[in-house]
Each structure stands twice: as structure tokens, then as C-alpha cells.
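Enquirer: First the structure, which I've put down as C-alpha cells, then a few questions once you've had a look.
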Amino acid sequence: MLDQLGIEAQLLTAATHDVHVDAPVFSASGRTVGQTVRHLGDLCEDVLSWLGSPEAHRRWELPGTPDLRELTNRFAVRMADLLAEFVSRPPHDPCPTWWPEQHTAAFWVRRMLHATTVHRADVQTAAGIEHTPIDPEVATDGVDEVLRVFFGYRLHSLQITATRPCSVGVHVPGCNWLITADPSGAAVTSSQDVATTTPDAVVGGDPSAVYLWMWGRLPNRAVETSGDPDAIAQLWGLLQLATR
């Protein structure tokens with residue numbers, strides 16, 4: 001994951017070379033390229049703080065209206081600081097996180113990999129660059145993260161619930177999940193065969209397509225869907241609230 005995080009950071013930085021700071025990223029985030037790169041730089045500094053890194057005290061002061069080169073340089077330097085911190089400690093090293101199920105450095109490696117990958121796709125889209133393919137293992141892990149960490153936990157922490165009961169099976173090659181939601185809460189479980197659970201609807205396809213669809217970066221036609229379209233729409237809507 002560390003190797004892949006470094007690659008994704010380089011791809012994002014390269015994509016900023018020929019795009020305007022105010023170019024829209026055309027995704028559910030609603031940000032511009034400049035806002036996206038600034039957000040990632042902020043995330044790097046936040047994670048350094050969570051990790052208790054000495055580098056966290058060296059906050060990067062930006063001018064009032066920074067240009068894209070300044071924003072990209074800040075992101076690149078702070079990402080390098082973060083990668084160095086990750087390399088210096090084992091994945092199981094204890095540290096605070098906001099997900100109750102995992103309080104180790106590995107949580108932040110995974111979180112930053114997926115944040116950088118999704119926003120790299122944003123910047124490439126805004127720059128008119130064809131998406132660099134996402135490694136299938138990374139995409140599959142990203143689907144698991146967004147379902148378990150954001151849909152399964154963050155919705156509850158935000159006190160957001162579904163308006164009506166529904167169940168949706170999600171599948172990519174080799175992995176299946178069952179998502180259930182109702183006005184009392186939401187849950188995610190692994191399922192070896194979602195068909196045996198008879199969910200209201202099923203979403204599946206290529207791992208990278210399902211991954212980016214869940215983050216609001218691709219339309220419904222990019223994935224395979226069947227069953228109740230309202231259940232799928234509710235799942236997608238809840239995911240956008242959870243990942244906002």
C-alpha cells in the first residue's frame with residue numbers, strides 16, 4: 001500500500017501540470033482542482049497529527065489565494081513527510097484513529113491511499129487525461145473500506161439513517177458484501193454468494209468501476225445493476241452523505 005500511495009501521489013502531481021486551478025472536477029465532491037489538491041494537503045497534515053509525528057508541528061502556511069503550483073508543492077512535500085512517517089513505523093503500531101475497529105498506523109495508510117487514488121482520478125478527469133488504471137486489489141480494498149468504514153460506521157456517527165428498509169448486494173470478482181439499511185441504522189456483512197440472501201438489488205462489475213461509482217465519480221451505467229432501482233439510489237445517496 002505504501003508503494004501504491006507513492007505512485008498515486010506522483011500521478012496526481014503530474015496531472016496538475018496542464019490544468020487550471022479553478023477547473024471543476026465534475027464529481028460528487030463539488031470541488032475544483034485547486035480545492036482538491038488543497039484538501040489532500042490538509043489531509044496529510046491532519047494524519048501527521050493523528051500519528052503524533054514531529055512534522056505535524058510544521059504547518060504549511062499558504063497565501064490567501066495560492067496558485068496551483070503552490071498547492072501542489074505543499075501536497076508533494078507533506079505527502080513525502082507522511083510517507084517517511086509510515087515507513088518509520090510498523091503497520092500494527094498503535095495510534096489514534098476515528099474508526100473504533102482499528103487503532104493502528106495501517107488505518108491511516110489505507111485511508112490515505114484511497115483518498116489519494118480517488119482524488120487523483122478527479123484531477124485527471126479535470127485535466128482531460130485518461131484515467132490511469134486502478135490496481136484491482138486496491139479497488140477491491142477500496143470498496144471494502146467505503147462500505148465498512150463509511151457506510152457501516154460513519155453514517156451512524158453522523159446520525160444519518162435510511163428513509164426505508166432496503167438491502168443491496170455488492171460484488172466484484174472474488175468478493176461480495178451485503179448492505180442493509182433502515183431507519184434504525186445500517187450494516188455491512190461479507191457474503192460468499194449474495195444471490196442466496198435475496199437482496200432487493202445488486203450492484204457489481206469491474207472493481208475500479210464499482211469503487212469510483214461508490215465515491216460518486218462514475219454514473220450508474222458504469223456498473224452492473226439489477227433489482228429495485230430505489231434501493232440502489234438510496235445506497236448511493238447514503239454513501240455520498242457518509243463520504244462527504
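Lettering and numbering for the C-alpha cells are positional, with chains as A, B, ... in the shown order, residues counted from 1 in each chain, and ligands counted from 1 in the shown order.
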Give me, as JSON lines, the closest atom pair and its distance (Å, one decimal) for every residue of stretch 41-144 of chain A within a cut-off of 7 Å of stretch 4-13 of chain A, counting only C-alpha atoms, rows sorted by chain and rising number.
Expert:
{"residue": "A:Thr72", "atom": "CA", "partner": "A:Thr13", "partner_atom": "CA", "distance": 6.4}
{"residue": "A:Leu113", "atom": "CA", "partner": "A:Leu5", "partner_atom": "CA", "distance": 5.0}
{"residue": "A:Thr116", "atom": "CA", "partner": "A:Glu8", "partner_atom": "CA", "distance": 6.3}
{"residue": "A:Thr117", "atom": "CA", "partner": "A:Glu8", "partner_atom": "CA", "distance": 5.8}
{"residue": "A:Arg120", "atom": "CA", "partner": "A:Leu12", "partner_atom": "CA", "distance": 4.6}
{"residue": "A:Val123", "atom": "CA", "partner": "A:Leu12", "partner_atom": "CA", "distance": 6.6}
Enquirer: Those selected residues, please, written with N, CA, C and O atoms and delivered as a PDB file, in the first residue's frame.
Expert:
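Generated output (result_27.pdb):
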ATOM      1  N   THR A  72       0.236  22.366  -5.132  1.00  0.00           N
ATOM      2  CA  THR A  72       0.805  21.060  -5.480  1.00  0.00           C
ATOM      3  C   THR A  72       2.118  20.830  -4.753  1.00  0.00           C
ATOM      4  O   THR A  72       2.396  19.717  -4.274  1.00  0.00           O
ATOM      5  N   LEU A 113      -4.252   6.112   1.043  1.00  0.00           N
ATOM      6  CA  LEU A 113      -4.178   5.504  -0.288  1.00  0.00           C
ATOM      7  C   LEU A 113      -5.475   5.741  -1.045  1.00  0.00           C
ATOM      8  O   LEU A 113      -5.457   6.158  -2.210  1.00  0.00           O
ATOM      9  N   THR A 116      -6.150   9.517  -1.879  1.00  0.00           N
ATOM     10  CA  THR A 116      -5.283   9.988  -2.959  1.00  0.00           C
ATOM     11  C   THR A 116      -5.691   9.389  -4.299  1.00  0.00           C
ATOM     12  O   THR A 116      -5.690  10.076  -5.330  1.00  0.00           O
ATOM     13  N   THR A 117      -6.070   8.117  -4.304  1.00  0.00           N
ATOM     14  CA  THR A 117      -6.473   7.459  -5.549  1.00  0.00           C
ATOM     15  C   THR A 117      -7.734   8.098  -6.130  1.00  0.00           C
ATOM     16  O   THR A 117      -7.796   8.409  -7.327  1.00  0.00           O
ATOM     17  N   ARG A 120      -6.907  11.585  -7.279  1.00  0.00           N
ATOM     18  CA  ARG A 120      -6.079  11.526  -8.494  1.00  0.00           C
ATOM     19  C   ARG A 120      -6.977  11.365  -9.713  1.00  0.00           C
ATOM     20  O   ARG A 120      -6.793  12.027 -10.748  1.00  0.00           O
ATOM     21  N   VAL A 123      -8.554  14.759 -10.523  1.00  0.00           N
ATOM     22  CA  VAL A 123      -7.677  15.716 -11.191  1.00  0.00           C
ATOM     23  C   VAL A 123      -7.411  15.288 -12.629  1.00  0.00           C
ATOM     24  O   VAL A 123      -7.383  16.126 -13.544  1.00  0.00           O
TER      25      VAL A 123
END
Enquirer: Hey, what does DSSP flag as strand (DSSP E or B) within stretch 29-234 of chain A? Can you give it to me as an MDAnalysis selection string?
Expert: chainID A and resid 32 94 104 166:172 175:182 185:190 201:204 224:227
Enquirer: Need to verify the contact set: A:Cys44, 12 Å, only C-alpha atoms, exclusion of same-chain residues closer than 2 positions in sequence. Can you return it as a ChimeraX atom specification?
Expert: /A:9,37-42,46-51,53,55-56,58-60,74-86,108-109,111-113,115-116
Enquirer: Using only N, CA and C atoms, please write the residues we just selected to a file, as a compact mmCIF listing (two decimals), in the first residue's frame.
Expert:
# COMPACT_ATOMS: atom_id res chain seq x y z
N ALA A 9 0.31 9.48 -5.57
CA ALA A 9 0.67 10.88 -5.32
C ALA A 9 1.40 11.47 -6.51
N VAL A 37 -6.57 19.60 -4.42
CA VAL A 37 -5.16 19.47 -4.02
C VAL A 37 -4.95 20.05 -2.63
N ARG A 38 -5.62 21.16 -2.36
CA ARG A 38 -5.50 21.75 -1.01
C ARG A 38 -6.08 20.80 0.04
N HIS A 39 -7.21 20.18 -0.26
CA HIS A 39 -7.84 19.23 0.65
C HIS A 39 -6.89 18.07 0.96
N LEU A 40 -6.21 17.55 -0.05
CA LEU A 40 -5.28 16.44 0.18
C LEU A 40 -4.08 16.88 1.02
N GLY A 41 -3.62 18.09 0.80
CA GLY A 41 -2.54 18.61 1.63
C GLY A 41 -2.98 18.74 3.08
N ASP A 42 -4.23 19.21 3.26
CA ASP A 42 -4.80 19.29 4.62
C ASP A 42 -4.87 17.90 5.26
N ASP A 46 -3.29 16.58 8.71
CA ASP A 46 -4.15 16.02 9.75
C ASP A 46 -3.66 14.64 10.19
N VAL A 47 -3.29 13.80 9.21
CA VAL A 47 -2.85 12.44 9.54
C VAL A 47 -1.52 12.50 10.29
N LEU A 48 -0.63 13.40 9.92
CA LEU A 48 0.61 13.56 10.68
C LEU A 48 0.31 13.89 12.14
N SER A 49 -0.73 14.67 12.36
CA SER A 49 -1.14 14.99 13.74
C SER A 49 -1.68 13.76 14.45
N TRP A 50 -2.55 12.99 13.77
CA TRP A 50 -3.09 11.77 14.36
C TRP A 50 -1.95 10.81 14.74
N LEU A 51 -0.93 10.76 13.91
CA LEU A 51 0.20 9.86 14.14
C LEU A 51 1.15 10.37 15.21
N SER A 53 3.33 12.75 14.78
CA SER A 53 4.62 12.99 14.14
C SER A 53 5.17 14.37 14.51
N GLU A 55 6.65 16.21 12.57
CA GLU A 55 6.39 17.04 11.40
C GLU A 55 5.03 17.73 11.47
N ALA A 56 4.15 17.23 12.32
CA ALA A 56 2.81 17.82 12.42
C ALA A 56 2.85 19.26 12.93
N ARG A 58 4.95 21.47 12.02
CA ARG A 58 5.43 22.36 10.95
C ARG A 58 4.30 22.58 9.95
N ARG A 59 3.33 23.39 10.37
CA ARG A 59 2.19 23.65 9.49
C ARG A 59 2.64 24.52 8.31
N TRP A 60 2.08 24.22 7.15
CA TRP A 60 2.46 24.91 5.91
C TRP A 60 1.49 26.07 5.69
N ARG A 74 3.02 22.07 -1.87
CA ARG A 74 2.70 21.79 -0.47
C ARG A 74 2.23 20.35 -0.30
N PHE A 75 1.35 19.88 -1.21
CA PHE A 75 0.88 18.50 -1.14
C PHE A 75 2.04 17.52 -1.28
N ALA A 76 2.93 17.75 -2.25
CA ALA A 76 4.03 16.83 -2.51
C ALA A 76 4.97 16.74 -1.31
N VAL A 77 5.27 17.88 -0.70
CA VAL A 77 6.18 17.89 0.45
C VAL A 77 5.54 17.22 1.65
N ARG A 78 4.28 17.52 1.92
CA ARG A 78 3.61 16.94 3.09
C ARG A 78 3.35 15.45 2.88
N MET A 79 3.10 15.04 1.64
CA MET A 79 2.95 13.61 1.37
C MET A 79 4.28 12.90 1.60
N ALA A 80 5.39 13.52 1.20
CA ALA A 80 6.70 12.93 1.44
C ALA A 80 6.95 12.78 2.94
N ASP A 81 6.55 13.79 3.73
CA ASP A 81 6.68 13.70 5.19
C ASP A 81 5.85 12.54 5.72
N LEU A 82 4.66 12.39 5.18
CA LEU A 82 3.75 11.34 5.65
C LEU A 82 4.29 9.96 5.28
N LEU A 83 4.78 9.80 4.06
CA LEU A 83 5.35 8.52 3.65
C LEU A 83 6.55 8.15 4.52
N ALA A 84 7.38 9.14 4.84
CA ALA A 84 8.53 8.87 5.70
C ALA A 84 8.07 8.42 7.08
N GLU A 85 7.00 9.02 7.58
CA GLU A 85 6.46 8.62 8.88
C GLU A 85 5.93 7.19 8.83
N PHE A 86 5.22 6.86 7.76
CA PHE A 86 4.69 5.50 7.61
C PHE A 86 5.82 4.47 7.54
N TRP A 108 -4.35 4.50 8.71
CA TRP A 108 -4.06 5.76 8.00
C TRP A 108 -3.39 5.51 6.65
N VAL A 109 -2.59 4.45 6.56
CA VAL A 109 -2.02 4.10 5.25
C VAL A 109 -3.14 3.81 4.28
N ARG A 111 -6.35 4.68 4.52
CA ARG A 111 -7.20 5.85 4.30
C ARG A 111 -6.56 6.81 3.31
N MET A 112 -5.27 7.06 3.45
CA MET A 112 -4.61 8.00 2.55
C MET A 112 -4.44 7.42 1.15
N LEU A 113 -4.25 6.11 1.04
CA LEU A 113 -4.18 5.50 -0.29
C LEU A 113 -5.47 5.74 -1.04
N ALA A 115 -7.95 7.95 -0.40
CA ALA A 115 -8.22 9.38 -0.62
C ALA A 115 -7.41 9.90 -1.80
N THR A 116 -6.15 9.52 -1.88
CA THR A 116 -5.28 9.99 -2.96
C THR A 116 -5.69 9.39 -4.30
Enquirer: Just to confirm, what's the straight-line distance from atom CA of A:Ala233 to atom CA of A:Val168 in Å (one decimal)?
Expert: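 So the two atoms, atom CA of A:Ala233 and atom CA of A:Val168, lie 10.3 Å apart.
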Enquirer: Restricting the calculation to only C-alpha atoms, which member of A:Leu218, A:Ala209, A:Val170, A:Ala105 is positioned closest to A:Thr189?
Expert: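 Distance minimum relative to A:Thr189 lands on A:Val170.
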Enquirer: Would you mind listing what lies within 7 Å of stretch 102-104 of chain A as a list in words, with only C-alpha atoms counted and same-chain residues fewer than 6 positions away left out?
Expert: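 Returned residues: Pro91, His92, Asp93, Pro94, Cys95 and Pro96 of chain A.
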Enquirer: Store the residues of this selection in a file with N, CA and C atoms, as a short mmCIF file (atom, residue, chain, number, x, y, z; two decimals), in the first residue's frame.
Expert:
data_model
loop_
_atom_site.label_atom_id
_atom_site.label_comp_id
_atom_site.auth_asym_id
_atom_site.auth_seq_id
_atom_site.Cartn_x
_atom_site.Cartn_y
_atom_site.Cartn_z
N PRO A 91 3.05 -1.41 10.51
CA PRO A 91 1.61 -1.20 10.29
C PRO A 91 0.76 -1.37 11.55
N HIS A 92 1.19 -2.26 12.46
CA HIS A 92 0.39 -2.53 13.66
C HIS A 92 0.71 -1.57 14.80
N ASP A 93 1.55 -0.56 14.53
CA ASP A 93 1.92 0.40 15.57
C ASP A 93 0.67 1.13 16.07
N PRO A 94 0.39 1.13 17.37
CA PRO A 94 -0.83 1.77 17.87
C PRO A 94 -0.81 3.28 17.66
N CYS A 95 -1.95 3.82 17.29
CA CYS A 95 -2.11 5.28 17.19
C CYS A 95 -3.60 5.58 17.15
N PRO A 96 -4.00 6.81 17.47
CA PRO A 96 -5.42 7.16 17.44
C PRO A 96 -5.96 7.16 16.01
#
Enquirer: As a PyMOL selection string, please: every residue in stretch 46-153 of chain A that a backbone DSSP assignment puts in alpha helix (DSSP H).
Expert: chain A and resi 46-50+68-87+105-126+136-145
Enquirer: Record the distance separating atom CA of A:Asp22 and atom CA of A:Ala127, expressed in Å with one decimal.
Expert: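 Computing it gives 11.1 Å between the two atoms.
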Enquirer: Contacts of A:Val118 at 10 Å or less, counting only C-alpha atoms, minus same-chain residues fewer than 6 places along, as a list in words?
Expert: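 Counting only C-alpha atoms, the residues come to Glu8, Leu12, Met112, Ile134, Ala139, Gly142, Tyr211, Leu212, Trp215, Gly216 and Arg217 of chain A.
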Enquirer: Restrict the selected residues to N, CA, C and O atoms and save them as an mmCIF file, in the first residue's frame.
Expert:
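Written file, selection38.cif:
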data_model
loop_
_atom_site.group_PDB
_atom_site.id
_atom_site.type_symbol
_atom_site.label_atom_id
_atom_site.label_comp_id
_atom_site.auth_asym_id
_atom_site.auth_seq_id
_atom_site.Cartn_x
_atom_site.Cartn_y
_atom_site.Cartn_z
ATOM 1 N N GLU A 8 0.391 6.884 -6.594
ATOM 2 C CA GLU A 8 -0.818 7.696 -6.775
ATOM 3 C C GLU A 8 -0.520 9.180 -6.558
ATOM 4 O O GLU A 8 -1.050 10.036 -7.272
ATOM 5 N N LEU A 12 -1.079 12.127 -9.363
ATOM 6 C CA LEU A 12 -1.887 13.322 -9.112
ATOM 7 C C LEU A 12 -1.072 14.582 -9.387
ATOM 8 O O LEU A 12 -1.560 15.514 -10.048
ATOM 9 N N MET A 112 -5.266 7.062 3.452
ATOM 10 C CA MET A 112 -4.606 7.996 2.547
ATOM 11 C C MET A 112 -4.441 7.424 1.147
ATOM 12 O O MET A 112 -4.491 8.159 0.162
ATOM 13 N N ILE A 134 -6.691 1.695 -12.115
ATOM 14 C CA ILE A 134 -6.535 1.443 -10.683
ATOM 15 C C ILE A 134 -6.280 -0.045 -10.494
ATOM 16 O O ILE A 134 -6.999 -0.880 -11.054
ATOM 17 N N ALA A 139 -8.610 -1.347 -5.738
ATOM 18 C CA ALA A 139 -10.022 -1.012 -5.908
ATOM 19 C C ALA A 139 -10.915 -1.892 -5.050
ATOM 20 O O ALA A 139 -11.876 -1.411 -4.423
ATOM 21 N N GLY A 142 -10.690 -0.804 -1.651
ATOM 22 C CA GLY A 142 -11.390 0.471 -1.524
ATOM 23 C C GLY A 142 -12.885 0.304 -1.385
ATOM 24 O O GLY A 142 -13.541 1.058 -0.654
ATOM 25 N N TYR A 211 -15.761 0.844 -7.350
ATOM 26 C CA TYR A 211 -15.045 1.720 -6.410
ATOM 27 C C TYR A 211 -15.352 3.188 -6.690
ATOM 28 O O TYR A 211 -15.797 3.938 -5.797
ATOM 29 N N LEU A 212 -15.131 3.626 -7.924
ATOM 30 C CA LEU A 212 -15.354 5.028 -8.266
ATOM 31 C C LEU A 212 -16.833 5.385 -8.263
ATOM 32 O O LEU A 212 -17.210 6.520 -7.941
ATOM 33 N N TRP A 215 -17.867 6.262 -4.772
ATOM 34 C CA TRP A 215 -17.394 7.585 -4.375
ATOM 35 C C TRP A 215 -18.027 8.698 -5.207
ATOM 36 O O TRP A 215 -17.604 9.856 -5.133
ATOM 37 N N GLY A 216 -19.027 8.355 -6.009
ATOM 38 C CA GLY A 216 -19.731 9.378 -6.778
ATOM 39 C C GLY A 216 -18.972 9.897 -7.969
ATOM 40 O O GLY A 216 -19.240 10.992 -8.464
ATOM 41 N N ARG A 217 -18.027 9.102 -8.480
ATOM 42 C CA ARG A 217 -17.215 9.538 -9.605
ATOM 43 C C ARG A 217 -17.661 8.959 -10.936
ATOM 44 O O ARG A 217 -17.201 9.407 -11.980
#
Enquirer: Applying 12 Å and only C-alpha atoms, which residues near A:Thr65 remain after dropping the ones on its own chain fewer than 2 positions away? List them as JSON, numbers by chain.
Expert: {"A": [21, 22, 34, 35, 38, 61, 62, 63, 67, 68, 69, 70, 71]}
Enquirer: Please measure the separation of atom CA of A:Val172 and atom CA of A:Thr140, giving the value in Å to one decimal.
Expert: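 Computed distance, atom CA of A:Val172 to atom CA of A:Thr140, equals 7.1 Å.
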Enquirer: Residues near A:Ala23, anyone? I mean within 7 Å using only C-alpha atoms, not counting same-chain ones fewer than 6 positions away, as JSON, numbers by chain.
Expert: {"A": [32, 33, 126]}
Enquirer: Keeping N, CA, C and O atoms, export the residues of the selection given above as a CSV table (one decimal), in the first residue's frame.
Expert:
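Below is the file that was written, result_30.csv:
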chain,number,residue,atom,x,y,z
A,32,THR,N,-13.1,22.2,-7.0
A,32,THR,CA,-12.2,22.5,-8.1
A,32,THR,C,-10.9,21.7,-8.0
A,32,THR,O,-10.7,21.1,-6.9
A,33,VAL,N,-10.0,21.8,-9.0
A,33,VAL,CA,-8.7,21.1,-8.9
A,33,VAL,C,-7.9,21.7,-7.7
A,33,VAL,O,-7.4,21.0,-6.9
A,126,ALA,N,-10.4,16.3,-14.6
A,126,ALA,CA,-10.5,17.8,-14.9
A,126,ALA,C,-9.5,18.2,-15.9
A,126,ALA,O,-9.7,19.1,-16.7
Enquirer: Hey, which of A:Val19, A:Leu239, A:Ile232, A:Cys175 ends up closest to A:Val202? Count only C-alpha atoms.
Expert: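 Closest to A:Val202 of all the choices is A:Ile232.
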Enquirer: Nearest residue to A:Tyr153 out of A:Pro100, A:Gly128, A:Thr36, A:Leu43, using only C-alpha atoms?
Expert: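 Of all the options, A:Pro100 lies closest to A:Tyr153.
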Enquirer: Nearest to A:His171: which of A:Glu101, A:Glu130, A:Glu224, A:Glu45 is it, counting only C-alpha atoms?
Expert: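 Answer, going by the shortest atom-to-atom distance: A:Glu224.
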Enquirer: Between A:Leu155, A:Val25, A:Val210, A:Leu2, which one has atoms that come closest to A:Pro173, using only C-alpha atoms?
Expert: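 Checking each of A:Leu155, A:Val25, A:Val210, A:Leu2 against A:Pro173, counting only C-alpha atoms, the winner is A:Val210.
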Enquirer: Just checking: using only C-alpha atoms, which residue out of A:Ile129, A:Pro54, A:Pro219, A:Arg89 ends up closest to A:Ala14?
Expert: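 Smallest distance to A:Ala14 is found for A:Ile129.
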